[in-house]
$ cat target15.txt   # compact mmCIF, N, CA and C atoms
# COMPACT_ATOMS: atom_id res chain seq x y z
N MET A 21 22.38 112.17 -51.65
CA MET A 21 22.22 111.89 -50.24
C MET A 21 20.91 111.16 -49.97
N LYS A 22 19.83 111.57 -50.66
CA LYS A 22 18.54 110.92 -50.47
C LYS A 22 18.60 109.46 -50.93
N LYS A 23 19.33 109.20 -52.02
CA LYS A 23 19.44 107.83 -52.54
C LYS A 23 20.12 106.93 -51.51
N ILE A 24 21.17 107.42 -50.87
CA ILE A 24 21.89 106.63 -49.87
C ILE A 24 20.98 106.33 -48.68
N ALA A 25 20.22 107.34 -48.25
CA ALA A 25 19.30 107.14 -47.12
C ALA A 25 18.22 106.12 -47.47
N ILE A 26 17.68 106.19 -48.67
CA ILE A 26 16.65 105.23 -49.10
C ILE A 26 17.23 103.84 -49.20
N ILE A 27 18.41 103.71 -49.78
CA ILE A 27 19.05 102.39 -49.89
C ILE A 27 19.34 101.83 -48.50
N ALA A 28 19.85 102.66 -47.61
CA ALA A 28 20.14 102.20 -46.24
C ALA A 28 18.86 101.74 -45.55
N LEU A 29 17.78 102.48 -45.74
CA LEU A 29 16.50 102.10 -45.15
C LEU A 29 16.01 100.77 -45.71
N LEU A 30 16.11 100.59 -47.02
CA LEU A 30 15.70 99.32 -47.64
C LEU A 30 16.53 98.15 -47.14
N VAL A 31 17.82 98.37 -46.99
CA VAL A 31 18.70 97.31 -46.47
C VAL A 31 18.29 96.95 -45.04
N CYS A 32 18.04 97.95 -44.21
CA CYS A 32 17.64 97.69 -42.82
C CYS A 32 16.32 96.92 -42.75
N VAL A 33 15.35 97.33 -43.56
CA VAL A 33 14.06 96.65 -43.58
C VAL A 33 14.22 95.21 -44.05
N THR A 34 15.02 95.00 -45.09
CA THR A 34 15.25 93.65 -45.62
C THR A 34 15.92 92.77 -44.58
N VAL A 35 16.94 93.29 -43.92
CA VAL A 35 17.64 92.52 -42.88
C VAL A 35 16.70 92.21 -41.73
N ALA A 36 15.92 93.17 -41.29
CA ALA A 36 14.98 92.94 -40.17
C ALA A 36 13.95 91.88 -40.55
N PHE A 37 13.42 91.96 -41.76
CA PHE A 37 12.43 90.99 -42.22
C PHE A 37 13.04 89.60 -42.30
N THR A 38 14.24 89.50 -42.87
CA THR A 38 14.92 88.22 -42.99
C THR A 38 15.21 87.63 -41.62
N PHE A 39 15.70 88.45 -40.70
CA PHE A 39 16.01 87.97 -39.35
C PHE A 39 14.75 87.50 -38.64
N SER A 40 13.66 88.26 -38.75
CA SER A 40 12.44 87.87 -38.04
C SER A 40 11.88 86.56 -38.59
N ASN A 41 11.93 86.34 -39.89
CA ASN A 41 11.47 85.07 -40.45
C ASN A 41 12.38 83.94 -40.05
N GLY A 42 13.69 84.16 -40.08
CA GLY A 42 14.63 83.12 -39.68
C GLY A 42 14.48 82.78 -38.21
N PHE A 43 14.24 83.78 -37.38
CA PHE A 43 14.07 83.56 -35.95
C PHE A 43 12.85 82.70 -35.68
N ALA A 44 11.73 83.01 -36.34
CA ALA A 44 10.49 82.25 -36.13
C ALA A 44 10.67 80.80 -36.53
N GLU A 45 11.45 80.55 -37.57
CA GLU A 45 11.63 79.19 -38.05
C GLU A 45 12.53 78.36 -37.14
N THR A 46 13.32 79.00 -36.28
CA THR A 46 14.22 78.25 -35.43
C THR A 46 13.64 77.97 -34.05
N LEU A 47 12.49 78.52 -33.73
CA LEU A 47 11.87 78.25 -32.44
C LEU A 47 11.45 76.79 -32.36
N LYS A 48 11.59 76.20 -31.19
CA LYS A 48 11.24 74.80 -30.95
C LYS A 48 10.18 74.74 -29.86
N GLY A 49 9.71 73.53 -29.58
CA GLY A 49 8.67 73.33 -28.58
C GLY A 49 8.99 73.97 -27.25
N ARG A 50 10.23 73.82 -26.78
CA ARG A 50 10.60 74.39 -25.47
C ARG A 50 10.51 75.91 -25.48
N ASP A 51 10.72 76.53 -26.66
CA ASP A 51 10.59 77.98 -26.75
C ASP A 51 9.13 78.40 -26.60
N PHE A 52 8.22 77.61 -27.18
CA PHE A 52 6.80 77.92 -27.07
C PHE A 52 6.30 77.69 -25.64
N VAL A 53 6.93 76.76 -24.93
CA VAL A 53 6.61 76.57 -23.51
C VAL A 53 6.95 77.84 -22.75
N ARG A 54 8.13 78.37 -23.01
CA ARG A 54 8.60 79.57 -22.31
C ARG A 54 7.77 80.79 -22.68
N LEU A 55 7.41 80.92 -23.95
CA LEU A 55 6.72 82.11 -24.43
C LEU A 55 5.20 82.04 -24.31
N GLY A 56 4.66 80.81 -24.25
CA GLY A 56 3.22 80.63 -24.34
C GLY A 56 2.50 80.58 -23.01
N THR A 57 1.19 80.45 -23.11
CA THR A 57 0.33 80.27 -21.95
C THR A 57 -0.52 79.02 -22.19
N ILE A 58 -0.85 78.32 -21.11
CA ILE A 58 -1.65 77.09 -21.23
C ILE A 58 -3.06 77.42 -21.71
N ALA A 59 -3.49 76.65 -22.70
CA ALA A 59 -4.85 76.80 -23.22
C ALA A 59 -5.30 75.45 -23.77
N THR A 60 -6.62 75.30 -23.90
CA THR A 60 -7.20 74.11 -24.51
C THR A 60 -7.92 74.53 -25.78
N LEU A 61 -7.60 73.82 -26.86
CA LEU A 61 -8.20 74.10 -28.16
C LEU A 61 -8.85 72.83 -28.69
N GLU A 62 -10.01 72.98 -29.31
CA GLU A 62 -10.66 71.85 -29.96
C GLU A 62 -10.84 72.20 -31.43
N GLY A 63 -10.56 71.23 -32.28
CA GLY A 63 -10.69 71.50 -33.70
C GLY A 63 -10.40 70.27 -34.53
N THR A 64 -10.09 70.51 -35.79
CA THR A 64 -9.86 69.45 -36.77
C THR A 64 -8.38 69.34 -37.07
N LEU A 65 -7.85 68.11 -37.02
CA LEU A 65 -6.45 67.88 -37.34
C LEU A 65 -6.21 68.02 -38.83
N ILE A 66 -5.08 68.62 -39.16
CA ILE A 66 -4.67 68.80 -40.55
C ILE A 66 -3.25 68.25 -40.69
N GLU A 67 -3.07 67.30 -41.61
CA GLU A 67 -1.73 66.77 -41.87
C GLU A 67 -1.16 67.44 -43.11
N GLU A 68 0.05 67.95 -42.97
CA GLU A 68 0.76 68.57 -44.08
C GLU A 68 2.15 67.96 -44.14
N GLY A 69 2.30 66.90 -44.95
CA GLY A 69 3.56 66.17 -44.97
C GLY A 69 3.69 65.41 -43.67
N HIS A 70 4.74 65.70 -42.91
CA HIS A 70 4.93 65.06 -41.61
C HIS A 70 4.60 66.00 -40.46
N GLU A 71 4.01 67.13 -40.80
CA GLU A 71 3.65 68.14 -39.80
C GLU A 71 2.15 68.11 -39.54
N TRP A 72 1.77 68.48 -38.31
CA TRP A 72 0.36 68.49 -37.92
C TRP A 72 -0.05 69.87 -37.45
N SER A 73 -1.27 70.25 -37.83
CA SER A 73 -1.87 71.51 -37.41
C SER A 73 -3.27 71.22 -36.90
N LEU A 74 -3.86 72.21 -36.25
CA LEU A 74 -5.22 72.10 -35.75
C LEU A 74 -6.00 73.32 -36.21
N ARG A 75 -7.11 73.08 -36.92
CA ARG A 75 -8.00 74.18 -37.29
C ARG A 75 -8.96 74.38 -36.13
N HIS A 76 -8.88 75.54 -35.50
CA HIS A 76 -9.71 75.90 -34.35
C HIS A 76 -10.38 77.23 -34.69
N ALA A 77 -11.72 77.22 -34.73
CA ALA A 77 -12.47 78.42 -35.13
C ALA A 77 -11.98 78.86 -36.51
N ASP A 78 -11.53 80.09 -36.63
CA ASP A 78 -11.06 80.59 -37.93
C ASP A 78 -9.54 80.61 -38.04
N SER A 79 -8.85 79.93 -37.12
CA SER A 79 -7.39 79.94 -37.11
C SER A 79 -6.83 78.53 -37.25
N VAL A 80 -5.58 78.47 -37.73
CA VAL A 80 -4.86 77.21 -37.82
C VAL A 80 -3.62 77.34 -36.94
N TYR A 81 -3.43 76.36 -36.05
CA TYR A 81 -2.31 76.34 -35.11
C TYR A 81 -1.37 75.21 -35.48
N GLU A 82 -0.06 75.50 -35.52
CA GLU A 82 0.94 74.47 -35.76
C GLU A 82 1.16 73.72 -34.44
N LEU A 83 1.07 72.39 -34.50
CA LEU A 83 1.22 71.56 -33.30
C LEU A 83 2.66 71.05 -33.20
N HIS A 84 3.26 71.25 -32.04
CA HIS A 84 4.60 70.73 -31.75
C HIS A 84 4.41 69.52 -30.84
N LEU A 85 4.51 68.34 -31.46
CA LEU A 85 4.13 67.08 -30.81
C LEU A 85 5.32 66.23 -30.39
N GLY A 86 6.53 66.68 -30.65
CA GLY A 86 7.69 65.87 -30.32
C GLY A 86 7.91 64.78 -31.35
N PRO A 87 8.78 63.81 -31.03
CA PRO A 87 9.13 62.77 -32.00
C PRO A 87 7.94 61.86 -32.34
N SER A 88 7.72 61.65 -33.62
CA SER A 88 6.62 60.77 -34.04
C SER A 88 6.86 59.34 -33.55
N ASP A 89 8.12 58.93 -33.42
CA ASP A 89 8.42 57.58 -32.91
C ASP A 89 7.88 57.39 -31.49
N PHE A 90 7.90 58.46 -30.69
CA PHE A 90 7.37 58.38 -29.33
C PHE A 90 5.87 58.09 -29.37
N ARG A 91 5.14 58.81 -30.23
CA ARG A 91 3.70 58.57 -30.37
C ARG A 91 3.43 57.17 -30.91
N ASP A 92 4.20 56.76 -31.90
CA ASP A 92 4.04 55.41 -32.49
C ASP A 92 4.26 54.34 -31.43
N ASP A 93 5.28 54.52 -30.59
CA ASP A 93 5.59 53.54 -29.55
C ASP A 93 4.44 53.40 -28.55
N LYS A 94 3.70 54.48 -28.36
CA LYS A 94 2.56 54.46 -27.44
C LYS A 94 1.29 53.97 -28.13
N GLY A 95 1.38 53.65 -29.44
CA GLY A 95 0.21 53.19 -30.17
C GLY A 95 -0.79 54.29 -30.45
N PHE A 96 -0.30 55.52 -30.51
CA PHE A 96 -1.16 56.68 -30.70
C PHE A 96 -1.01 57.19 -32.13
N THR A 97 -2.09 57.18 -32.88
CA THR A 97 -2.04 57.65 -34.26
C THR A 97 -2.96 58.84 -34.46
N LEU A 98 -2.55 59.71 -35.33
CA LEU A 98 -3.34 60.88 -35.69
C LEU A 98 -3.91 60.65 -37.08
N LYS A 99 -5.11 61.18 -37.32
CA LYS A 99 -5.75 61.03 -38.62
C LYS A 99 -6.19 62.40 -39.13
N ASP A 100 -5.81 62.67 -40.35
CA ASP A 100 -6.19 63.93 -40.99
C ASP A 100 -7.71 64.05 -41.01
N GLY A 101 -8.22 65.20 -40.60
CA GLY A 101 -9.66 65.45 -40.61
C GLY A 101 -10.38 65.03 -39.35
N GLU A 102 -9.69 64.37 -38.43
CA GLU A 102 -10.33 63.92 -37.18
C GLU A 102 -10.40 65.08 -36.19
N ILE A 103 -11.43 65.06 -35.35
CA ILE A 103 -11.59 66.06 -34.29
C ILE A 103 -10.63 65.73 -33.15
N ALA A 104 -10.01 66.78 -32.60
CA ALA A 104 -9.06 66.58 -31.50
C ALA A 104 -9.21 67.71 -30.48
N THR A 105 -8.90 67.36 -29.24
CA THR A 105 -8.79 68.36 -28.18
C THR A 105 -7.33 68.40 -27.77
N VAL A 106 -6.75 69.59 -27.84
CA VAL A 106 -5.34 69.78 -27.57
C VAL A 106 -5.18 70.73 -26.41
N GLU A 107 -4.35 70.35 -25.46
CA GLU A 107 -3.97 71.26 -24.39
C GLU A 107 -2.48 71.51 -24.54
N GLY A 108 -2.07 72.74 -24.34
CA GLY A 108 -0.65 73.03 -24.46
C GLY A 108 -0.33 74.48 -24.25
N PHE A 109 0.94 74.78 -24.44
CA PHE A 109 1.45 76.13 -24.30
C PHE A 109 1.29 76.82 -25.65
N VAL A 110 0.37 77.78 -25.72
CA VAL A 110 0.05 78.46 -26.97
C VAL A 110 0.80 79.78 -27.04
N HIS A 111 1.52 79.95 -28.14
CA HIS A 111 2.20 81.21 -28.42
C HIS A 111 1.89 81.57 -29.87
N GLU A 112 1.14 82.64 -30.05
CA GLU A 112 0.68 83.07 -31.37
C GLU A 112 -0.05 81.92 -32.05
N LYS A 113 0.48 81.35 -33.11
CA LYS A 113 -0.20 80.25 -33.83
C LYS A 113 0.53 78.92 -33.67
N ASP A 114 1.30 78.78 -32.59
CA ASP A 114 2.04 77.54 -32.29
C ASP A 114 1.61 77.00 -30.95
N VAL A 115 1.57 75.66 -30.85
CA VAL A 115 1.20 75.00 -29.60
C VAL A 115 2.22 73.92 -29.28
N ALA A 116 2.91 74.05 -28.13
CA ALA A 116 3.73 72.97 -27.59
C ALA A 116 2.74 72.10 -26.81
N VAL A 117 2.34 70.99 -27.40
CA VAL A 117 1.24 70.19 -26.88
C VAL A 117 1.64 69.46 -25.60
N THR A 118 0.79 69.61 -24.56
CA THR A 118 0.98 68.84 -23.33
C THR A 118 0.16 67.56 -23.37
N SER A 119 -1.05 67.63 -23.95
CA SER A 119 -1.85 66.41 -24.14
C SER A 119 -2.75 66.60 -25.36
N ILE A 120 -3.06 65.48 -25.98
CA ILE A 120 -3.94 65.49 -27.13
C ILE A 120 -4.89 64.32 -27.02
N GLU A 121 -6.18 64.59 -27.27
CA GLU A 121 -7.21 63.56 -27.23
C GLU A 121 -7.86 63.51 -28.60
N THR A 122 -7.86 62.33 -29.19
CA THR A 122 -8.50 62.12 -30.48
C THR A 122 -8.80 60.64 -30.64
N GLY A 123 -9.88 60.34 -31.31
CA GLY A 123 -10.23 58.94 -31.55
C GLY A 123 -10.46 58.15 -30.28
N GLY A 124 -10.88 58.83 -29.22
CA GLY A 124 -11.14 58.14 -27.95
C GLY A 124 -9.90 57.83 -27.13
N LYS A 125 -8.74 58.29 -27.56
CA LYS A 125 -7.48 58.07 -26.83
C LYS A 125 -6.85 59.40 -26.47
N THR A 126 -6.15 59.42 -25.34
CA THR A 126 -5.43 60.61 -24.90
C THR A 126 -3.96 60.27 -24.73
N LEU A 127 -3.09 61.15 -25.18
CA LEU A 127 -1.65 60.97 -25.01
C LEU A 127 -1.09 62.21 -24.34
N THR A 128 -0.32 62.01 -23.27
CA THR A 128 0.37 63.10 -22.58
C THR A 128 1.76 63.23 -23.17
N LEU A 129 2.09 64.45 -23.63
CA LEU A 129 3.38 64.69 -24.26
C LEU A 129 4.33 65.55 -23.42
N ARG A 130 3.78 66.32 -22.50
CA ARG A 130 4.59 67.17 -21.62
C ARG A 130 3.91 67.23 -20.26
N ASP A 131 4.70 67.49 -19.22
CA ASP A 131 4.08 67.68 -17.91
C ASP A 131 3.67 69.15 -17.77
N ASN A 132 3.17 69.52 -16.60
CA ASN A 132 2.64 70.89 -16.43
C ASN A 132 3.72 71.96 -16.40
N THR A 133 5.00 71.55 -16.34
CA THR A 133 6.09 72.52 -16.46
C THR A 133 6.56 72.63 -17.91
N GLY A 134 6.04 71.76 -18.78
CA GLY A 134 6.44 71.75 -20.18
C GLY A 134 7.52 70.74 -20.50
N ARG A 135 7.98 69.99 -19.49
CA ARG A 135 9.04 68.99 -19.73
C ARG A 135 8.49 67.87 -20.61
N PRO A 136 9.18 67.55 -21.70
CA PRO A 136 8.71 66.51 -22.62
C PRO A 136 8.69 65.13 -21.97
N ALA A 137 7.65 64.36 -22.28
CA ALA A 137 7.54 63.00 -21.76
C ALA A 137 8.65 62.11 -22.30
N TRP A 138 9.24 62.45 -23.44
CA TRP A 138 10.28 61.64 -24.05
C TRP A 138 11.68 62.02 -23.57
N ALA A 139 11.80 63.09 -22.77
CA ALA A 139 13.12 63.51 -22.27
C ALA A 139 13.74 62.39 -21.44
N GLY A 140 14.99 62.10 -21.73
CA GLY A 140 15.70 61.06 -20.99
C GLY A 140 15.37 59.65 -21.47
N THR A 141 14.64 59.52 -22.57
CA THR A 141 14.32 58.21 -23.11
C THR A 141 15.07 58.00 -24.42
N ARG A 142 14.86 56.86 -25.04
CA ARG A 142 15.52 56.57 -26.32
C ARG A 142 15.01 57.49 -27.44
N PHE A 143 13.95 58.23 -27.19
CA PHE A 143 13.39 59.13 -28.20
C PHE A 143 13.99 60.54 -28.13
N SER A 144 14.91 60.76 -27.21
CA SER A 144 15.47 62.11 -27.03
C SER A 144 16.78 62.28 -27.79
N ASN A 145 16.96 61.54 -28.85
CA ASN A 145 18.14 61.66 -29.73
C ASN A 145 19.46 61.46 -29.00
N GLY A 146 19.47 60.57 -28.02
CA GLY A 146 20.71 60.26 -27.33
C GLY A 146 21.22 61.36 -26.43
N LYS A 147 20.40 62.32 -26.10
CA LYS A 147 20.83 63.46 -25.29
C LYS A 147 20.45 63.28 -23.82
N GLY A 148 20.04 62.09 -23.44
CA GLY A 148 19.63 61.89 -22.05
C GLY A 148 18.45 62.76 -21.73
N ALA A 149 18.58 63.59 -20.71
CA ALA A 149 17.51 64.51 -20.34
C ALA A 149 17.46 65.71 -21.27
N GLY A 150 18.37 65.73 -22.23
CA GLY A 150 18.39 66.83 -23.18
C GLY A 150 18.85 68.11 -22.50
N ASN A 151 18.48 69.22 -23.07
CA ASN A 151 18.85 70.49 -22.47
C ASN A 151 17.64 71.13 -21.80
N TRP A 152 16.83 70.28 -21.21
CA TRP A 152 15.65 70.76 -20.50
C TRP A 152 16.07 71.36 -19.19
N SER A 153 15.75 72.63 -18.98
CA SER A 153 16.23 73.29 -17.76
C SER A 153 15.15 74.09 -17.07
N HIS A 154 13.90 74.00 -17.54
CA HIS A 154 12.85 74.78 -16.91
C HIS A 154 12.45 74.19 -15.57
N SER A 155 12.14 75.05 -14.66
CA SER A 155 11.55 74.66 -13.40
C SER A 155 10.28 75.49 -13.24
N GLN A 156 9.51 75.21 -12.24
CA GLN A 156 8.28 75.96 -12.01
C GLN A 156 8.57 77.46 -11.92
N GLN A 157 9.71 77.85 -11.34
CA GLN A 157 10.01 79.25 -11.18
C GLN A 157 10.26 79.92 -12.54
N ASP A 158 10.70 79.14 -13.54
CA ASP A 158 11.01 79.71 -14.85
C ASP A 158 9.76 80.02 -15.66
N LEU A 159 8.64 79.43 -15.30
CA LEU A 159 7.43 79.61 -16.12
C LEU A 159 6.58 80.77 -15.68

$ encode --input "target15.txt" --output "structure tokens"
Amino acid sequence: MKKIAIIALLVCVTVAFTFSNGFAETLKGRDFVRLGTIATLEGTLIEEGHEWSLRHADSVYELHLGPSDFRDDKGFTLKDGEIATVEGFVHEKDVAVTSIETGGKTLTLRDNTGRPAWAGTRFSNGKGAGNWSHSQQDL
């Protein structure tokens, strides 16, 4: 009986751990808008493949910047190791960026409700306004 209880407990813990990791990996920028609070962070940009992070104090935050083609179209480039000021919706160690300033340039990526600047443009993967449904009352 004890063996069955231990095995059942291990299975439950494994399933919970797997689900929590899978859940975190499926969150997108709009989820961090809903879950986060507006904050401004200053730090050093870190490039990891095609992903960007910001080292702020003793923490590293994953930056959700939207489509890179949108930034490229605006002539905005990021450089590994450069100092940046990021404003956005911060949830734990993730930031849905509303604006980023680096290299003397500023780019706005979301409005104050969290709506992406690329929504309804050619950068929204052909989804028009996408599935953006937040209003001021939702935040």

$ atom_distance --input "target15.txt" --atom1 "atom C of His76 (chain A)" --atom2 "atom N of Ala116 (chain A)"
15.2 Å

$ atom_distance --input "target15.txt" --atom1 "CA of Lys99 (chain A)" --atom2 "CA of Asp114 (chain A)"
19.3 Å

$ atom_distance --input "target15.txt" --atom1 "CA of Arg54 (chain A)" --atom2 "atom C of His111 (chain A)"
10.3 Å

$ closest_residue --input "target15.txt" --among "A:Arg75, A:Thr64, A:Gly56, A:Asp89" --to "Phe143 (chain A)" --atoms "all atoms listed in the file"
A:Asp89

$ select_by_dssp --input "target15.txt" --residues "region 37-85 of chain A" --states "strand (DSSP E)" --output "number ranges by chain"
A: 57-68, 71-76, 79-84

$ closest_residue --input "target15.txt" --among "A:Tyr81, A:Lys113, A:Val106, A:Ser144" --to "Leu61 (chain A)" --atoms "only N, CA and C atoms"
A:Val106

$ closest_atom_pairs --input "target15.txt" --of "region 79-98 of chain A" --to "region 118-140 of chain A" --cutoff "8 Å" --atoms "all atoms listed in the file" --output "tab-separated table"
residue	atom	partner	partner_atom	distance
A:His84	C	A:Thr118	N	7.2
A:Leu85	C	A:Leu129	CA	6.6
A:Gly86	N	A:Leu129	CA	7.4
A:Pro87	N	A:Trp138	CA	7.5
A:Phe90	CA	A:Trp138	CA	6.9
A:Arg91	CA	A:Leu127	CA	7.9
A:Phe96	CA	A:Leu127	CA	7.1
A:Thr97	C	A:Thr122	C	7.2
A:Leu98	CA	A:Thr122	CA	7.4

$ write_last_selection --input "target15.txt" --atoms "N, CA and C atoms" --output "PDB file, in the coordinates of the input"
ATOM      1  N   HIS A  84       3.260  71.250 -32.040  1.00  0.00           N
ATOM      2  CA  HIS A  84       4.600  70.730 -31.750  1.00  0.00           C
ATOM      3  C   HIS A  84       4.410  69.520 -30.840  1.00  0.00           C
ATOM      4  N   LEU A  85       4.510  68.340 -31.460  1.00  0.00           N
ATOM      5  CA  LEU A  85       4.130  67.080 -30.810  1.00  0.00           C
ATOM      6  C   LEU A  85       5.320  66.230 -30.390  1.00  0.00           C
ATOM      7  N   GLY A  86       6.530  66.680 -30.650  1.00  0.00           N
ATOM      8  CA  GLY A  86       7.690  65.870 -30.320  1.00  0.00           C
ATOM      9  C   GLY A  86       7.910  64.780 -31.350  1.00  0.00           C
ATOM     10  N   PRO A  87       8.780  63.810 -31.030  1.00  0.00           N
ATOM     11  CA  PRO A  87       9.130  62.770 -32.000  1.00  0.00           C
ATOM     12  C   PRO A  87       7.940  61.860 -32.340  1.00  0.00           C
ATOM     13  N   PHE A  90       7.900  58.460 -30.690  1.00  0.00           N
ATOM     14  CA  PHE A  90       7.370  58.380 -29.330  1.00  0.00           C
ATOM     15  C   PHE A  90       5.870  58.090 -29.370  1.00  0.00           C
ATOM     16  N   ARG A  91       5.140  58.810 -30.230  1.00  0.00           N
ATOM     17  CA  ARG A  91       3.700  58.570 -30.370  1.00  0.00           C
ATOM     18  C   ARG A  91       3.430  57.170 -30.910  1.00  0.00           C
ATOM     19  N   PHE A  96      -0.300  55.520 -30.510  1.00  0.00           N
ATOM     20  CA  PHE A  96      -1.160  56.680 -30.700  1.00  0.00           C
ATOM     21  C   PHE A  96      -1.010  57.190 -32.130  1.00  0.00           C
ATOM     22  N   THR A  97      -2.090  57.180 -32.880  1.00  0.00           N
ATOM     23  CA  THR A  97      -2.040  57.650 -34.260  1.00  0.00           C
ATOM     24  C   THR A  97      -2.960  58.840 -34.460  1.00  0.00           C
ATOM     25  N   LEU A  98      -2.550  59.710 -35.330  1.00  0.00           N
ATOM     26  CA  LEU A  98      -3.340  60.880 -35.690  1.00  0.00           C
ATOM     27  C   LEU A  98      -3.910  60.650 -37.080  1.00  0.00           C
TER      28      LEU A  98
END

$ residues_around --input "target15.txt" --residues "Glu67 (chain A)" --least-positions-apart "4" --cutoff "6.5 Å" --atoms "all atoms listed in the file" --output "ChimeraX atom specification"
/A:71-73,99-101

$ write_last_selection --input "target15.txt" --atoms "N, CA and C atoms" --output "CSV table (one decimal), keeping the file's coordinate frame"
chain,number,residue,atom,x,y,z
A,71,GLU,N,4.0,67.1,-40.8
A,71,GLU,CA,3.6,68.1,-39.8
A,71,GLU,C,2.2,68.1,-39.5
A,72,TRP,N,1.8,68.5,-38.3
A,72,TRP,CA,0.4,68.5,-37.9
A,72,TRP,C,0.0,69.9,-37.4
A,73,SER,N,-1.3,70.2,-37.8
A,73,SER,CA,-1.9,71.5,-37.4
A,73,SER,C,-3.3,71.2,-36.9
A,99,LYS,N,-5.1,61.2,-37.3
A,99,LYS,CA,-5.8,61.0,-38.6
A,99,LYS,C,-6.2,62.4,-39.1
A,100,ASP,N,-5.8,62.7,-40.4
A,100,ASP,CA,-6.2,63.9,-41.0
A,100,ASP,C,-7.7,64.0,-41.0
A,101,GLY,N,-8.2,65.2,-40.6
A,101,GLY,CA,-9.7,65.4,-40.6
A,101,GLY,C,-10.4,65.0,-39.4

$ decode --input "target15.txt" --residues "region 91-109 of chain A" --atoms "N, CA and C atoms" --output "CSV table (one decimal), in the first residue's frame"
chain,number,residue,atom,x,y,z
A,91,ARG,N,10.7,45.8,-36.1
A,91,ARG,CA,11.9,46.6,-35.6
A,91,ARG,C,12.8,47.0,-36.8
A,92,ASP,N,13.1,46.0,-37.6
A,92,ASP,CA,13.9,46.2,-38.8
A,92,ASP,C,13.3,47.3,-39.7
A,93,ASP,N,12.0,47.2,-39.9
A,93,ASP,CA,11.3,48.1,-40.8
A,93,ASP,C,11.4,49.5,-40.3
A,94,LYS,N,11.5,49.7,-39.0
A,94,LYS,CA,11.6,51.0,-38.3
A,94,LYS,C,13.1,51.5,-38.2
A,95,GLY,N,14.0,50.6,-38.7
A,95,GLY,CA,15.4,51.0,-38.7
A,95,GLY,C,16.0,50.9,-37.3
A,96,PHE,N,15.4,50.1,-36.4
A,96,PHE,CA,15.8,50.0,-35.0
A,96,PHE,C,16.6,48.7,-34.8
A,97,THR,N,17.8,48.8,-34.4
A,97,THR,CA,18.6,47.6,-34.2
A,97,THR,C,19.1,47.5,-32.8
A,98,LEU,N,19.2,46.3,-32.3
A,98,LEU,CA,19.7,46.1,-30.9
A,98,LEU,C,21.1,45.5,-31.1
A,99,LYS,N,21.9,45.8,-30.1
A,99,LYS,CA,23.3,45.4,-30.0
A,99,LYS,C,23.6,44.7,-28.7
A,100,ASP,N,24.1,43.5,-28.8
A,100,ASP,CA,24.5,42.8,-27.6
A,100,ASP,C,25.5,43.6,-26.8
A,101,GLY,N,25.3,43.7,-25.5
A,101,GLY,CA,26.2,44.5,-24.6
A,101,GLY,C,25.9,45.9,-24.5
A,102,GLU,N,24.9,46.5,-25.3
A,102,GLU,CA,24.6,47.9,-25.2
A,102,GLU,C,23.6,48.1,-24.0
A,103,ILE,N,23.7,49.3,-23.5
A,103,ILE,CA,22.8,49.8,-22.4
A,103,ILE,C,21.5,50.1,-23.0
A,104,ALA,N,20.4,49.7,-22.3
A,104,ALA,CA,19.0,50.0,-22.8
A,104,ALA,C,18.1,50.3,-21.6
A,105,THR,N,17.1,51.2,-21.9
A,105,THR,CA,16.1,51.4,-20.9
A,105,THR,C,14.8,50.9,-21.5
A,106,VAL,N,14.2,50.0,-20.8
A,106,VAL,CA,13.0,49.3,-21.2
A,106,VAL,C,11.8,49.6,-20.3
A,107,GLU,N,10.7,49.9,-20.9
A,107,GLU,CA,9.5,50.1,-20.2
A,107,GLU,C,8.5,49.0,-20.7
A,108,GLY,N,7.8,48.4,-19.8
A,108,GLY,CA,6.9,47.3,-20.2
A,108,GLY,C,6.1,46.7,-19.1
A,109,PHE,N,5.4,45.7,-19.4
A,109,PHE,CA,4.6,45.0,-18.5
A,109,PHE,C,5.5,43.8,-17.9
